[in-house]
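These notes concern the structure reproduced below.
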Amino acid sequence: MSNEQGKSVQRRSLLATVAAALIFSVTAGLAVTGCGSSRMAALHANCTTKGLRWKLTVLKKKPHTPHRDARLSVVNTGDKPCVFRGFPAFEVHLGKGPESDAHGHGRIMPIDLRRGGTVVTSLRYKDCRKGAASDPFMISNDVAVVSAPRDYPGRRAVEVRDEAGKRQAMNVCAASIWMGAPYEAAE
């Protein structure tokens, strides 16, 4: 084999290695940025309140703490994937009187929510003591008002349930409720 033929074989081998590496990189990139990624979110419309099924669960109270935790779960029941872009709106009202609103905390990346996919948001609020009817700011209701991010006019009432699925009232003793960053629930 001549020197020129050897160099030609080396070049072809190098090109084959580069091509294999490129194919592997593209395939791995597609796996990482699949349909559930924020890059794909640009291709879908924002989620709307009416295309989502809402569930509000108040968790068992931990002893000796003034706070109570709750979980807001949202399932995409629409025909197509949608983008959950931000914090949902969440309010607990006392009739037409005072209300307590949730305020989001944390950095939010858009969530490309496939059909049947679930987004979960944690809530924490100051729980009223039992028998605290004299508390100056007490909002008690077994229904909360929710809406998808950026869909405030589409608000919907959702029943408050405990972990066993029984209807329960939220007894909030503060003007605001802490809301964690929404995240997509694992299957």
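So you can find residues: chains in the structure tokens are A, B, ... in the order shown, residues in each start at 1, and ligands are numbered from 1 in order.
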
Spatial neighbours of region 179-187 of chain A, max dist 7 Å, only C-alpha atoms, sep filter under 4 positions, as a list of chain:residue names: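 Surrounding residues, per the criterion: A:Phe87, A:Ala102, A:His103, A:Gly104, A:His105, A:Gly106, A:Arg107, A:Ile108, A:Thr118, A:Val119, A:Val120, A:Thr121, A:Ser122, A:Leu123, A:Arg124.
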
Mind checking which residues fall within 7 Å of Pro88 (chain A), counting only C-alpha atoms, ignoring those fewer than 2 positions away in the same chain, and posting them as a PyMOL selection string? chain A and resi 86+90+146-149

Expected file: the selected residues, C-alpha atoms, as an mmCIF file, in the first residue's frame:
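Result file is again.cif:
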```cif
data_model
loop_
_atom_site.group_PDB
_atom_site.id
_atom_site.type_symbol
_atom_site.label_atom_id
_atom_site.label_comp_id
_atom_site.auth_asym_id
_atom_site.auth_seq_id
_atom_site.Cartn_x
_atom_site.Cartn_y
_atom_site.Cartn_z
ATOM 1 C CA GLY A 86 -46.046 30.294 34.832
ATOM 2 C CA PHE A 90 -55.307 30.699 43.149
ATOM 3 C CA VAL A 146 -58.231 28.749 40.137
ATOM 4 C CA SER A 147 -57.150 29.502 36.584
ATOM 5 C CA ALA A 148 -54.355 28.548 34.244
ATOM 6 C CA PRO A 149 -51.404 30.940 33.940
#
```

Skipping near chain neighbours, those fewer than 3 positions away, what residues fall within 12 Å of Pro66 (chain A) using only C-alpha atoms, listed as a PyMOL selection string? chain A and resi 61-63+69+124-130+171-174

Now that the selection is made, can you save its residues with all heavy atoms as a short mmCIF file (atom, residue, chain, number, x, y, z; two decimals), in the first residue's frame?
```cif
data_model
loop_
_atom_site.label_atom_id
_atom_site.label_comp_id
_atom_site.auth_asym_id
_atom_site.auth_seq_id
_atom_site.Cartn_x
_atom_site.Cartn_y
_atom_site.Cartn_z
N LYS A 61 -52.03 18.16 58.78
CA LYS A 61 -51.26 19.19 59.47
C LYS A 61 -50.18 18.56 60.33
O LYS A 61 -50.43 17.60 61.05
CB LYS A 61 -52.17 20.06 60.33
CG LYS A 61 -51.44 21.22 60.95
CD LYS A 61 -52.38 22.18 61.63
CE LYS A 61 -51.56 23.31 62.20
NZ LYS A 61 -52.38 24.31 62.81
N LYS A 62 -49.00 19.14 60.23
CA LYS A 62 -47.89 18.67 61.07
C LYS A 62 -48.08 19.26 62.47
O LYS A 62 -48.47 20.42 62.60
CB LYS A 62 -46.56 19.10 60.47
CG LYS A 62 -46.31 18.46 59.12
CD LYS A 62 -45.05 18.96 58.49
CE LYS A 62 -44.89 18.33 57.11
NZ LYS A 62 -43.85 18.92 56.33
N PRO A 63 -47.79 18.49 63.51
CA PRO A 63 -47.99 19.00 64.87
C PRO A 63 -47.07 20.18 65.18
O PRO A 63 -45.95 20.25 64.69
CB PRO A 63 -47.67 17.80 65.76
CG PRO A 63 -47.15 16.72 64.89
CD PRO A 63 -47.30 17.14 63.47
N ASP A 69 -49.98 22.68 54.61
CA ASP A 69 -49.58 22.48 53.22
C ASP A 69 -50.74 21.92 52.42
O ASP A 69 -51.58 21.19 52.94
CB ASP A 69 -48.39 21.52 53.13
CG ASP A 69 -47.12 22.12 53.72
OD1 ASP A 69 -46.87 23.30 53.48
OD2 ASP A 69 -46.41 21.39 54.43
N ARG A 124 -48.67 26.66 50.70
CA ARG A 124 -48.50 26.71 52.15
C ARG A 124 -49.18 27.98 52.65
O ARG A 124 -48.99 29.05 52.10
CB ARG A 124 -47.03 26.73 52.54
CG ARG A 124 -46.84 26.87 54.06
CD ARG A 124 -45.43 26.68 54.47
NE ARG A 124 -45.20 25.23 54.48
CZ ARG A 124 -44.03 24.68 54.74
NH1 ARG A 124 -42.99 25.43 54.98
NH2 ARG A 124 -43.90 23.38 54.75
N TYR A 125 -49.98 27.81 53.70
CA TYR A 125 -50.71 28.96 54.24
C TYR A 125 -50.75 28.89 55.76
O TYR A 125 -50.56 27.83 56.35
CB TYR A 125 -52.13 29.02 53.67
CG TYR A 125 -52.98 27.81 53.93
CD1 TYR A 125 -53.83 27.76 55.02
CD2 TYR A 125 -52.93 26.70 53.08
CE1 TYR A 125 -54.62 26.65 55.26
CE2 TYR A 125 -53.72 25.59 53.31
CZ TYR A 125 -54.56 25.56 54.40
OH TYR A 125 -55.34 24.46 54.64
N LYS A 126 -51.00 30.05 56.37
CA LYS A 126 -51.13 30.10 57.82
C LYS A 126 -52.50 29.56 58.17
O LYS A 126 -53.53 30.09 57.76
CB LYS A 126 -50.97 31.53 58.33
CG LYS A 126 -51.03 31.62 59.84
CD LYS A 126 -50.86 33.04 60.33
CE LYS A 126 -50.99 33.07 61.84
NZ LYS A 126 -51.12 34.43 62.34
N ASP A 127 -52.50 28.48 58.93
CA ASP A 127 -53.73 27.80 59.32
C ASP A 127 -54.29 28.44 60.58
O ASP A 127 -53.56 28.70 61.53
CB ASP A 127 -53.42 26.32 59.56
CG ASP A 127 -54.66 25.46 59.64
OD1 ASP A 127 -55.64 25.76 58.93
OD2 ASP A 127 -54.64 24.48 60.40
N CYS A 128 -55.60 28.70 60.59
CA CYS A 128 -56.24 29.25 61.78
C CYS A 128 -56.34 28.19 62.86
O CYS A 128 -56.60 27.03 62.58
CB CYS A 128 -57.64 29.75 61.45
SG CYS A 128 -57.64 31.12 60.30
N ARG A 129 -56.12 28.61 64.08
CA ARG A 129 -56.25 27.70 65.22
C ARG A 129 -57.70 27.29 65.36
O ARG A 129 -58.61 28.03 65.02
CB ARG A 129 -55.79 28.40 66.50
CG ARG A 129 -54.31 28.68 66.53
CD ARG A 129 -53.94 29.57 67.69
NE ARG A 129 -54.30 30.95 67.35
CZ ARG A 129 -55.12 31.72 68.07
NH1 ARG A 129 -55.60 31.32 69.20
NH2 ARG A 129 -55.41 32.94 67.68
N LYS A 130 -57.92 26.12 65.87
CA LYS A 130 -59.29 25.65 66.12
C LYS A 130 -59.95 26.59 67.14
O LYS A 130 -59.33 26.95 68.13
CB LYS A 130 -59.28 24.23 66.65
CG LYS A 130 -58.88 23.23 65.60
CD LYS A 130 -59.43 21.87 65.96
CE LYS A 130 -58.94 20.88 64.94
NZ LYS A 130 -59.92 20.42 64.05
N ASN A 171 -58.88 26.89 56.13
CA ASN A 171 -59.02 27.96 57.12
C ASN A 171 -57.74 28.80 57.07
O ASN A 171 -56.78 28.49 57.75
CB ASN A 171 -59.24 27.38 58.51
CG ASN A 171 -60.50 26.55 58.57
OD1 ASN A 171 -61.54 26.96 58.08
ND2 ASN A 171 -60.42 25.37 59.13
N VAL A 172 -57.78 29.85 56.28
CA VAL A 172 -56.60 30.66 56.03
C VAL A 172 -56.65 31.91 56.91
O VAL A 172 -57.65 32.60 56.94
CB VAL A 172 -56.51 31.07 54.54
CG1 VAL A 172 -55.25 31.85 54.26
CG2 VAL A 172 -56.61 29.85 53.63
N CYS A 173 -55.56 32.18 57.62
CA CYS A 173 -55.47 33.35 58.49
C CYS A 173 -54.38 34.31 58.02
O CYS A 173 -53.59 34.81 58.81
CB CYS A 173 -55.20 32.92 59.93
SG CYS A 173 -56.69 32.36 60.75
N ALA A 174 -54.31 34.54 56.73
CA ALA A 174 -53.33 35.48 56.16
C ALA A 174 -53.85 35.96 54.82
O ALA A 174 -54.65 35.28 54.17
CB ALA A 174 -51.98 34.80 56.00
#
```

When you count only C-alpha atoms, which of these residues is closest to Leu52 (chain A): A:Gly116, A:Pro153, A:Pro110, A:Gly95? A:Gly116

Which residues, written as a PyMOL selection string, have at least one atom at most 8 Å from Pro81 (chain A), with only C-alpha atoms counted and residues fewer than 3 positions away on the same chain left out? chain A and resi 44-45+76+78+112-115

Close residues, Glu91 (chain A) itself excluded, 6 Å, only C-alpha atoms, min 6 positions apart in chain, as a ChimeraX atom specification: /A:100-101,144-145

Of the residues A:Val160, A:Leu94, A:Ala89, A:Ile139, which is the one nearest to Thr49 (chain A), using only C-alpha atoms? A:Ala89

Using only C-alpha atoms, which residue out of A:Val158, A:Met138, A:Ala164, A:Ala169 lies closest to Leu72 (chain A)? A:Val158

Find the spatial neighbours of Thr57 (chain A), counting only C-alpha atoms, within a cut-off of 9 Å - ignore same-chain residues fewer than 2 positions away - and output them as a VMD selection string. chain A and resid 55 59 69 to 73 159 to 163 165 168

Preceding selection exported with N, CA and C atoms as a PDB file, in the first residue's frame:
```pdb
ATOM      1  N   LYS A  55     -57.447  19.633  40.842  1.00  0.00           N
ATOM      2  CA  LYS A  55     -57.665  18.906  42.094  1.00  0.00           C
ATOM      3  C   LYS A  55     -56.869  19.619  43.185  1.00  0.00           C
ATOM      4  N   LEU A  59     -53.182  18.743  52.847  1.00  0.00           N
ATOM      5  CA  LEU A  59     -52.429  17.666  53.475  1.00  0.00           C
ATOM      6  C   LEU A  59     -52.602  17.691  54.992  1.00  0.00           C
ATOM      7  N   ASP A  69     -49.976  22.678  54.606  1.00  0.00           N
ATOM      8  CA  ASP A  69     -49.578  22.482  53.216  1.00  0.00           C
ATOM      9  C   ASP A  69     -50.743  21.924  52.423  1.00  0.00           C
ATOM     10  N   ALA A  70     -50.753  22.276  51.137  1.00  0.00           N
ATOM     11  CA  ALA A  70     -51.761  21.762  50.210  1.00  0.00           C
ATOM     12  C   ALA A  70     -51.080  21.517  48.869  1.00  0.00           C
ATOM     13  N   ARG A  71     -51.771  20.775  48.018  1.00  0.00           N
ATOM     14  CA  ARG A  71     -51.218  20.451  46.702  1.00  0.00           C
ATOM     15  C   ARG A  71     -52.290  20.715  45.650  1.00  0.00           C
ATOM     16  N   LEU A  72     -51.929  21.475  44.626  1.00  0.00           N
ATOM     17  CA  LEU A  72     -52.812  21.750  43.502  1.00  0.00           C
ATOM     18  C   LEU A  72     -52.307  20.942  42.310  1.00  0.00           C
ATOM     19  N   SER A  73     -53.126  19.995  41.858  1.00  0.00           N
ATOM     20  CA  SER A  73     -52.758  19.141  40.721  1.00  0.00           C
ATOM     21  C   SER A  73     -53.602  19.529  39.519  1.00  0.00           C
ATOM     22  N   GLU A 159     -63.266  22.217  44.363  1.00  0.00           N
ATOM     23  CA  GLU A 159     -63.539  21.810  45.740  1.00  0.00           C
ATOM     24  C   GLU A 159     -62.251  21.441  46.459  1.00  0.00           C
ATOM     25  N   VAL A 160     -62.193  21.767  47.728  1.00  0.00           N
ATOM     26  CA  VAL A 160     -61.048  21.427  48.574  1.00  0.00           C
ATOM     27  C   VAL A 160     -61.309  20.050  49.180  1.00  0.00           C
ATOM     28  N   ARG A 161     -60.333  19.166  49.063  1.00  0.00           N
ATOM     29  CA  ARG A 161     -60.455  17.803  49.596  1.00  0.00           C
ATOM     30  C   ARG A 161     -59.278  17.501  50.512  1.00  0.00           C
ATOM     31  N   ASP A 162     -59.470  16.551  51.430  1.00  0.00           N
ATOM     32  CA  ASP A 162     -58.348  16.082  52.241  1.00  0.00           C
ATOM     33  C   ASP A 162     -57.696  14.910  51.513  1.00  0.00           C
ATOM     34  N   GLU A 163     -56.687  14.307  52.122  1.00  0.00           N
ATOM     35  CA  GLU A 163     -55.959  13.223  51.464  1.00  0.00           C
ATOM     36  C   GLU A 163     -56.811  11.983  51.228  1.00  0.00           C
ATOM     37  N   GLY A 165     -59.903  12.201  50.269  1.00  0.00           N
ATOM     38  CA  GLY A 165     -60.894  12.568  49.263  1.00  0.00           C
ATOM     39  C   GLY A 165     -62.161  13.182  49.811  1.00  0.00           C
ATOM     40  N   GLN A 168     -63.244  19.276  52.561  1.00  0.00           N
ATOM     41  CA  GLN A 168     -62.690  19.935  53.744  1.00  0.00           C
ATOM     42  C   GLN A 168     -62.546  21.427  53.462  1.00  0.00           C
TER      43      GLN A 168
END
```
